[in-house]
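Reading through the structure tokens given below for one structure.
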Amino acid sequence: MTGVTLSRWSMSYFALAVLCLLGAEALMALGVGYPAADMAAPETLVLVHLVAIGWLSLLMCGALFQFVPVLVARPIHSNGLALPTLVCLVTGLALLLTGFLQLGGGAGPAWSLLPWGGALLGLGFALALWNLGRTLWAAHPLALPARFVTAGLACLVATALLGLSFTLVFGGASSAPPLLALTAEGLPLHVVAGFGGWLTFTAMGVSYRLLAMFMLAPELDGASTRWAFRLGVAALAVGIIGGTLTIWLGVDPAGMLLVAGLLGMIALSLYGWDITQLYRQRKRRRIELNSRMASFALGNLAAAALLGIILAATGTLADHSGALLFLIAFGWLSGLGLAKLYKIAAFLTWLECYGPVLGKVDAPRVQDLVVEPRAACFFMLFHAVIWVGTLALLAGAPLLFRVSAIVLLLATGAIAAELIRIRRLADVRRAIRLPQGVRQPRLLVSMVRQG
Amino acid sequence: MAVDFVDVDVRPILRGGGEPFGEIMAAVNALEPGQGLRLLATFKPVPLFHVLGSKGFTHEAREIGEGDWEVLFSPADVAPEENAPAPQPADASAWPAPARAMDNRDLDPPEPMVRILAATEQMQAGDVLEALLCREPMFLLPELAKRGHAWRGAFQPDGTTYRILIRIDGAEAVA
């Protein structure tokens, strides 16, 4: 046991991730993609992947490089791999998005960029998986939160493989029958593996630990947590592996997805029960903004589950999948991500700047780096406008959705400005801001001083 | 490659209410290169996994009935992390009694770390600080190493309290 040091490049991941989020929201505000275009239109694909890879996956990778070592009490396998991983992911994403625009008859070379984008993204995710996988492997047997993360990483493999096969077919690089069948029928599997497995399941695992840590609540490892894990894994396995096999057998995968959905709902209910217990059993009565806003995101997850059930029961899931996906991607995942990022950025910046001088000089507390009442307004606006946007999509009101997207962009921009202020120590009292031995942190890189 | 395991059965010590940590570490230090340790205990010794993990051992734990556990610690062929602070000596038996003790279990993070580092700056070289925490202080340990302090820490048998002993400037003394 040697403890955990700062992950040097995590801030770069976070910065690029937030830029992608702002970019995606700007596209929605401009009326690019769904609902103005079809769900499978190239513009919508650009939008969805900017959110799923550019924003959520970069955020998740940056956070995991820092927090998987905390989860398993071991150092990260390699600090040096984080930067090449980031370069592969960003370049791969740029090629993928350009490739989508080519599908719509846009500019670019005559040969498709899609397989190249898919391959570079695959390489970037493989590097991230190798790094995180080796760290987790060295620490087994794993506690439950780390097992959730491991299962999430397995779903990342499935998501990337499915995506890669789509790019090979769409890019004209392959016409193998199994890949053609997957491309024709496998989109729901790709979405379930990505949003349900990689992003949601990993976020669930991390939230068990972070919420307990920040609210001084006891760690959960009882029957409800174990069954949430088992049933969640079962749901994902039935949906992704079962779905793939039924497609290859020439059968509609809807039945498999229904079973997966039912299992997933039970897992989510158990998770909801657990998280309610965490909030109830916390020793810290007055909780910080990040935990308060995380509760909104968790409420959105519950709302998304309910909406999913209603849409499936009324047979309107296909018509309203865009609204459901919007609520999951923005209300749940982005809401949780931004809330935790607000805390993580402050904590890591504080540790980087003031950790070396703690006890030696008068240094600020973590909470001196933030102004929560100001940020709370932006977070509340963020959530309120997501609810309006979801209702606008459900009601088929594209103009109202665009107005929501404009307000969403403004709210996110304000939260991003708060994050930059944290990194710049802009809200710290001048008297204690830069004591002797403390340097202004760089915006994008954490300086790790050794010995 | 088959690993040659040295058996250490600490169940009699544990049943007698004793603390077998010293005996286990003595056995670990006496291992030849390539040798592993087969430990028999009356509970799953999770804190040991981290301690021996930092010494380059992987482990496999299995329950062998009546609540007893068998853990195989095998030497891993993994090179130690280049930049990681060196693992601190776990044997604190020769340390003086703690000059200061603090209970930080109910403090919001990172207040336990702030108070511990503040205390270490006020104490004399060679003094020992004892602190109780509600989790493993992952971000504190590299900072202690940078400042040249030695530490020994582990979860208590209750599984929820982490007790750390810090010896001021102790890293040089044992290096």
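Lettering and numbering for the structure tokens are positional, with chains as A, B, ... in the shown order, residues counted from 1 in each chain, and ligands counted from 1 in the shown order.
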Quiz item: When the cut-off is 6 Å and we count only C-alpha atoms, which residues of chain B are near chain A, given as a VMD selection string?
Solution: chain B and resid 50 to 51 54 87 117 to 118 121 138 to 139 141 to 142 146
Exercise. Fewer than 5 positions away in the same chain doesn't count, so skip those; otherwise give me all residues within 9 Å of Arg105 (chain B), counting only C-alpha atoms, as a PyMOL selection string.
Key: chain B and resi 112+131-135+161-162
Save out the residues we just selected, C-alpha atoms, as a CSV table (one decimal), in the first residue's frame.
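Below you can see part.csv, which holds the result:
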```csv
chain,number,residue,atom,x,y,z
B,112,PRO,CA,-8.4,14.2,8.7
B,131,ALA,CA,-4.8,8.6,14.3
B,132,LEU,CA,-8.1,6.8,13.8
B,133,LEU,CA,-9.8,7.2,10.5
B,134,CYS,CA,-12.9,5.8,8.7
B,135,ARG,CA,-11.0,5.0,5.5
B,161,THR,CA,-11.8,1.8,11.8
B,162,TYR,CA,-8.4,2.4,10.1
```
Practice problem: Determine, counting only C-alpha atoms, which protein, DNA and RNA residues have an atom within 7 Å of an atom of Trp151 (chain B); residues of the same chain fewer than 4 positions away are not included. Present the result as a list in words. | Solution: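 In the requested form, the answer reads Gln88, Ile164, Leu165, Ile166 and Arg167 of chain B.
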DSSP on the backbone, then: every residue of region 18-147 of chain B marked alpha helix (DSSP H), written as a JSON list (two decimals) with N, CA and C atoms, in the first residue's frame.
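Output saved as result.json:
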```
[["chain", "number", "residue", "atom", "x", "y", "z"],
["B", 21, "PHE", "N", 0.28, -10.00, 13.72],
["B", 21, "PHE", "CA", 0.87, -9.24, 12.62],
["B", 21, "PHE", "C", 2.40, -9.38, 12.60],
["B", 22, "GLY", "N", 3.01, -9.27, 13.79],
["B", 22, "GLY", "CA", 4.47, -9.35, 13.87],
["B", 22, "GLY", "C", 4.99, -10.68, 13.35],
["B", 23, "GLU", "N", 4.32, -11.76, 13.76],
["B", 23, "GLU", "CA", 4.77, -13.09, 13.32],
["B", 23, "GLU", "C", 4.65, -13.25, 11.81],
["B", 24, "ILE", "N", 3.52, -12.73, 11.26],
["B", 24, "ILE", "CA", 3.32, -12.85, 9.81],
["B", 24, "ILE", "C", 4.43, -12.08, 9.08],
["B", 25, "MET", "N", 4.71, -10.86, 9.52],
["B", 25, "MET", "CA", 5.71, -10.06, 8.82],
["B", 25, "MET", "C", 7.10, -10.67, 8.97],
["B", 26, "ALA", "N", 7.36, -11.27, 10.14],
["B", 26, "ALA", "CA", 8.65, -11.93, 10.33],
["B", 26, "ALA", "C", 8.79, -13.08, 9.33],
["B", 27, "ALA", "N", 7.69, -13.84, 9.16],
["B", 27, "ALA", "CA", 7.72, -14.95, 8.21],
["B", 27, "ALA", "C", 7.91, -14.45, 6.79],
["B", 28, "VAL", "N", 7.25, -13.34, 6.47],
["B", 28, "VAL", "CA", 7.38, -12.78, 5.11],
["B", 28, "VAL", "C", 8.83, -12.34, 4.87],
["B", 29, "ASN", "N", 9.42, -11.68, 5.86],
["B", 29, "ASN", "CA", 10.78, -11.19, 5.68],
["B", 29, "ASN", "C", 11.79, -12.33, 5.57],
["B", 46, "VAL", "N", -8.22, -8.98, 5.11],
["B", 46, "VAL", "CA", -8.19, -8.01, 4.01],
["B", 46, "VAL", "C", -7.05, -6.98, 4.13],
["B", 47, "PRO", "N", -6.81, -6.40, 5.32],
["B", 47, "PRO", "CA", -5.73, -5.40, 5.40],
["B", 47, "PRO", "C", -4.37, -5.95, 4.96],
["B", 48, "LEU", "N", -4.14, -7.24, 5.23],
["B", 48, "LEU", "CA", -2.86, -7.85, 4.84],
["B", 48, "LEU", "C", -2.67, -7.86, 3.33],
["B", 49, "PHE", "N", -3.80, -7.96, 2.60],
["B", 49, "PHE", "CA", -3.70, -8.01, 1.14],
["B", 49, "PHE", "C", -2.97, -6.78, 0.64],
["B", 50, "HIS", "N", -3.33, -5.62, 1.22],
["B", 50, "HIS", "CA", -2.70, -4.37, 0.78],
["B", 50, "HIS", "C", -1.24, -4.32, 1.22],
["B", 51, "VAL", "N", -1.01, -4.72, 2.48],
["B", 51, "VAL", "CA", 0.35, -4.64, 3.01],
["B", 51, "VAL", "C", 1.29, -5.52, 2.18],
["B", 52, "LEU", "N", 0.88, -6.76, 1.94],
["B", 52, "LEU", "CA", 1.75, -7.67, 1.19],
["B", 52, "LEU", "C", 1.72, -7.34, -0.30],
["B", 53, "GLY", "N", 0.59, -6.77, -0.75],
["B", 53, "GLY", "CA", 0.53, -6.31, -2.15],
["B", 53, "GLY", "C", 1.63, -5.30, -2.41],
["B", 54, "SER", "N", 1.85, -4.40, -1.44],
["B", 54, "SER", "CA", 2.87, -3.37, -1.63],
["B", 54, "SER", "C", 4.26, -3.97, -1.58],
["B", 111, "GLU", "N", -10.50, 16.74, 5.87],
["B", 111, "GLU", "CA", -10.09, 17.31, 7.16],
["B", 111, "GLU", "C", -9.17, 16.37, 7.96],
["B", 112, "PRO", "N", -9.38, 15.03, 7.93],
["B", 112, "PRO", "CA", -8.44, 14.16, 8.66],
["B", 112, "PRO", "C", -7.00, 14.35, 8.18],
["B", 113, "MET", "N", -6.82, 14.46, 6.87],
["B", 113, "MET", "CA", -5.47, 14.65, 6.31],
["B", 113, "MET", "C", -4.89, 15.99, 6.76],
["B", 114, "VAL", "N", -5.74, 17.05, 6.74],
["B", 114, "VAL", "CA", -5.28, 18.38, 7.13],
["B", 114, "VAL", "C", -4.78, 18.35, 8.58],
["B", 115, "ARG", "N", -5.57, 17.72, 9.46],
["B", 115, "ARG", "CA", -5.19, 17.72, 10.88],
["B", 115, "ARG", "C", -3.95, 16.87, 11.13],
["B", 116, "ILE", "N", -3.86, 15.75, 10.43],
["B", 116, "ILE", "CA", -2.69, 14.89, 10.64],
["B", 116, "ILE", "C", -1.42, 15.61, 10.20],
["B", 117, "LEU", "N", -1.46, 16.25, 9.03],
["B", 117, "LEU", "CA", -0.25, 16.94, 8.55],
["B", 117, "LEU", "C", 0.08, 18.13, 9.45],
["B", 118, "ALA", "N", -0.96, 18.82, 9.95],
["B", 118, "ALA", "CA", -0.70, 19.93, 10.87],
["B", 118, "ALA", "C", -0.01, 19.41, 12.13],
["B", 119, "ALA", "N", -0.48, 18.26, 12.64],
["B", 119, "ALA", "CA", 0.11, 17.70, 13.85],
["B", 119, "ALA", "C", 1.56, 17.28, 13.60],
["B", 120, "THR", "N", 1.81, 16.67, 12.44],
["B", 120, "THR", "CA", 3.19, 16.18, 12.18],
["B", 120, "THR", "C", 4.17, 17.35, 12.15],
["B", 121, "GLU", "N", 3.72, 18.53, 11.72],
["B", 121, "GLU", "CA", 4.62, 19.68, 11.66],
["B", 121, "GLU", "C", 4.97, 20.19, 13.05],
["B", 122, "GLN", "N", 4.08, 19.90, 14.04],
["B", 122, "GLN", "CA", 4.32, 20.42, 15.39],
["B", 122, "GLN", "C", 5.11, 19.44, 16.25],
["B", 140, "LEU", "N", -3.06, 10.78, 1.65],
["B", 140, "LEU", "CA", -2.14, 11.21, 2.70],
["B", 140, "LEU", "C", -0.79, 10.51, 2.58],
["B", 141, "LEU", "N", -0.81, 9.23, 2.23],
["B", 141, "LEU", "CA", 0.41, 8.41, 2.30],
["B", 141, "LEU", "C", 1.55, 8.96, 1.44],
["B", 142, "PRO", "N", 1.30, 9.36, 0.16],
["B", 142, "PRO", "CA", 2.41, 9.93, -0.62],
["B", 142, "PRO", "C", 2.97, 11.20, 0.03],
["B", 143, "GLU", "N", 2.08, 11.99, 0.67],
["B", 143, "GLU", "CA", 2.53, 13.23, 1.30],
["B", 143, "GLU", "C", 3.41, 12.92, 2.51],
["B", 144, "LEU", "N", 3.06, 11.88, 3.27],
["B", 144, "LEU", "CA", 3.91, 11.47, 4.40],
["B", 144, "LEU", "C", 5.27, 11.04, 3.88],
["B", 145, "ALA", "N", 5.28, 10.29, 2.78],
["B", 145, "ALA", "CA", 6.55, 9.81, 2.22],
["B", 145, "ALA", "C", 7.42, 10.98, 1.79],
["B", 146, "LYS", "N", 6.78, 11.99, 1.13],
["B", 146, "LYS", "CA", 7.55, 13.16, 0.67],
["B", 146, "LYS", "C", 8.18, 13.88, 1.84]]
```
Quiz item: Interatomic distance between CA of Leu199 (chain A) and CA of Val251 (chain A)?
Solution: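 Between CA of Leu199 (chain A) and CA of Val251 (chain A) the gap is 27.6 Å.
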Practice problem: Write down as a ChimeraX atom specification the residues belonging to region 7-162 of chain B that are assigned strand (DSSP E) by DSSP computed on the backbone. | Solution: /B:7-9,35-41,57-65,68-75,100-103,128-133,150-155,162
With N, CA and C atoms retained, export the selected residues as a compact mmCIF listing (two decimals), in the first residue's frame.
```txt
# COMPACT_ATOMS: atom_id res chain seq x y z
N ASP B 7 4.20 -22.35 5.34
CA ASP B 7 2.94 -22.29 6.09
C ASP B 7 3.06 -21.42 7.34
N VAL B 8 2.08 -20.56 7.54
CA VAL B 8 1.99 -19.83 8.81
C VAL B 8 0.54 -19.93 9.29
N ASP B 9 0.34 -20.60 10.41
CA ASP B 9 -1.01 -20.77 10.96
C ASP B 9 -1.15 -19.85 12.18
N GLN B 35 9.74 -17.73 -3.06
CA GLN B 35 8.88 -18.45 -2.12
C GLN B 35 7.60 -17.67 -1.85
N GLY B 36 6.52 -18.39 -1.53
CA GLY B 36 5.27 -17.75 -1.17
C GLY B 36 4.89 -18.09 0.27
N LEU B 37 3.76 -17.53 0.70
CA LEU B 37 3.33 -17.73 2.08
C LEU B 37 1.92 -18.30 2.06
N ARG B 38 1.70 -19.39 2.83
CA ARG B 38 0.34 -19.92 2.97
C ARG B 38 -0.13 -19.60 4.37
N LEU B 39 -1.13 -18.71 4.45
CA LEU B 39 -1.57 -18.20 5.75
C LEU B 39 -2.91 -18.80 6.10
N LEU B 40 -3.04 -19.26 7.35
CA LEU B 40 -4.32 -19.77 7.84
C LEU B 40 -4.78 -18.84 8.96
N ALA B 41 -6.01 -18.30 8.80
CA ALA B 41 -6.49 -17.33 9.78
C ALA B 41 -7.96 -17.60 10.07
N PHE B 57 3.41 -9.07 -3.49
CA PHE B 57 2.76 -10.38 -3.45
C PHE B 57 1.34 -10.28 -4.00
N THR B 58 0.93 -11.26 -4.79
CA THR B 58 -0.48 -11.39 -5.14
C THR B 58 -1.08 -12.41 -4.18
N HIS B 59 -2.42 -12.42 -4.11
CA HIS B 59 -3.00 -13.33 -3.14
C HIS B 59 -4.22 -14.04 -3.70
N GLU B 60 -4.48 -15.22 -3.17
CA GLU B 60 -5.71 -15.96 -3.47
C GLU B 60 -6.28 -16.38 -2.14
N ALA B 61 -7.52 -15.96 -1.84
CA ALA B 61 -8.10 -16.29 -0.54
C ALA B 61 -9.27 -17.23 -0.74
N ARG B 62 -9.41 -18.23 0.11
CA ARG B 62 -10.60 -19.09 0.05
C ARG B 62 -11.00 -19.51 1.46
N GLU B 63 -12.31 -19.65 1.64
CA GLU B 63 -12.81 -20.05 2.95
C GLU B 63 -12.65 -21.56 3.05
N ILE B 64 -12.16 -22.06 4.20
CA ILE B 64 -11.92 -23.49 4.29
C ILE B 64 -12.81 -24.14 5.34
N GLY B 65 -13.92 -23.45 5.70
CA GLY B 65 -14.87 -24.06 6.62
C GLY B 65 -14.73 -23.53 8.03
N ASP B 68 -12.89 -20.29 8.88
CA ASP B 68 -11.44 -20.14 8.69
C ASP B 68 -11.11 -19.84 7.23
N TRP B 69 -9.98 -19.17 7.03
CA TRP B 69 -9.57 -18.80 5.68
C TRP B 69 -8.15 -19.27 5.40
N GLU B 70 -7.94 -19.67 4.14
CA GLU B 70 -6.58 -19.96 3.68
C GLU B 70 -6.25 -18.92 2.62
N VAL B 71 -5.11 -18.25 2.79
CA VAL B 71 -4.68 -17.27 1.80
C VAL B 71 -3.30 -17.65 1.29
N LEU B 72 -3.19 -17.73 -0.04
CA LEU B 72 -1.89 -18.01 -0.66
C LEU B 72 -1.31 -16.70 -1.17
N PHE B 73 -0.21 -16.26 -0.60
CA PHE B 73 0.49 -15.07 -1.08
C PHE B 73 1.64 -15.54 -1.97
N SER B 74 1.58 -15.17 -3.26
CA SER B 74 2.63 -15.60 -4.19
C SER B 74 3.43 -14.38 -4.63
N PRO B 75 4.73 -14.55 -4.81
CA PRO B 75 5.52 -13.42 -5.29
C PRO B 75 5.12 -13.08 -6.72
N ARG B 100 1.00 11.60 20.61
CA ARG B 100 -0.29 12.26 20.39
C ARG B 100 -1.25 11.27 19.75
N ALA B 101 -2.50 11.38 20.09
CA ALA B 101 -3.51 10.52 19.48
C ALA B 101 -4.68 11.38 19.04
N MET B 102 -5.24 11.07 17.89
CA MET B 102 -6.41 11.83 17.43
C MET B 102 -7.44 10.88 16.82
N ASP B 103 -8.71 11.19 17.07
CA ASP B 103 -9.80 10.41 16.48
C ASP B 103 -10.44 11.25 15.38
N VAL B 128 5.79 9.62 17.80
CA VAL B 128 4.79 8.84 17.06
C VAL B 128 3.42 9.47 17.26
N LEU B 129 2.69 9.60 16.13
CA LEU B 129 1.32 10.11 16.14
C LEU B 129 0.38 8.96 15.83
N GLU B 130 -0.67 8.82 16.62
CA GLU B 130 -1.67 7.79 16.34
C GLU B 130 -2.95 8.47 15.87
N ALA B 131 -3.54 7.99 14.77
CA ALA B 131 -4.79 8.58 14.31
C ALA B 131 -5.76 7.49 13.91
N LEU B 132 -7.03 7.70 14.25
CA LEU B 132 -8.09 6.78 13.83
C LEU B 132 -8.87 7.44 12.69
N LEU B 133 -9.14 6.67 11.64
CA LEU B 133 -9.82 7.21 10.45
C LEU B 133 -10.94 6.26 10.06
N ALA B 150 7.68 7.93 8.51
CA ALA B 150 7.35 6.52 8.33
C ALA B 150 5.96 6.27 8.89
N TRP B 151 5.27 5.26 8.38
CA TRP B 151 3.95 4.96 8.92
C TRP B 151 3.69 3.47 8.92
N ARG B 152 2.73 3.11 9.76
CA ARG B 152 2.18 1.76 9.72
C ARG B 152 0.69 1.93 9.89
N GLY B 153 -0.10 1.34 9.01
CA GLY B 153 -1.54 1.51 9.12
C GLY B 153 -2.27 0.26 8.71
N ALA B 154 -3.43 0.02 9.30
CA ALA B 154 -4.25 -1.14 8.94
C ALA B 154 -5.65 -0.94 9.48
N PHE B 155 -6.60 -1.62 8.83
CA PHE B 155 -7.95 -1.65 9.39
C PHE B 155 -7.94 -2.49 10.66
N TYR B 162 -9.76 2.58 10.60
CA TYR B 162 -8.39 2.44 10.10
C TYR B 162 -7.49 3.16 11.09
```
Practice problem: Could you check which of B:Glu32, B:Thr42, B:Pro109, B:Asp169 is closest to Ile13 (chain B), using only C-alpha atoms? | Solution: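 Counting only C-alpha atoms, the residue closest to Ile13 (chain B) is B:Thr42.
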Practice problem: With a distance cut-off of 7 Å and only C-alpha atoms, select the neighbouring residues of Val385 (chain A), excluding the residue or stretch itself and same-chain residues fewer than 6 positions from it, and output the selection as an MDAnalysis selection string. | Solution: chainID A and resid 404 407:408
Just the selected residues (C-alpha atoms), exported as a tab-separated table (two decimals), in the first residue's frame, please.
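Written file, result.tsv:
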```
chain	number	residue	atom	x	y	z
A	404	SER	CA	-34.22	24.57	-24.01
A	407	VAL	CA	-30.58	27.70	-22.05
A	408	LEU	CA	-28.81	24.36	-21.49
```
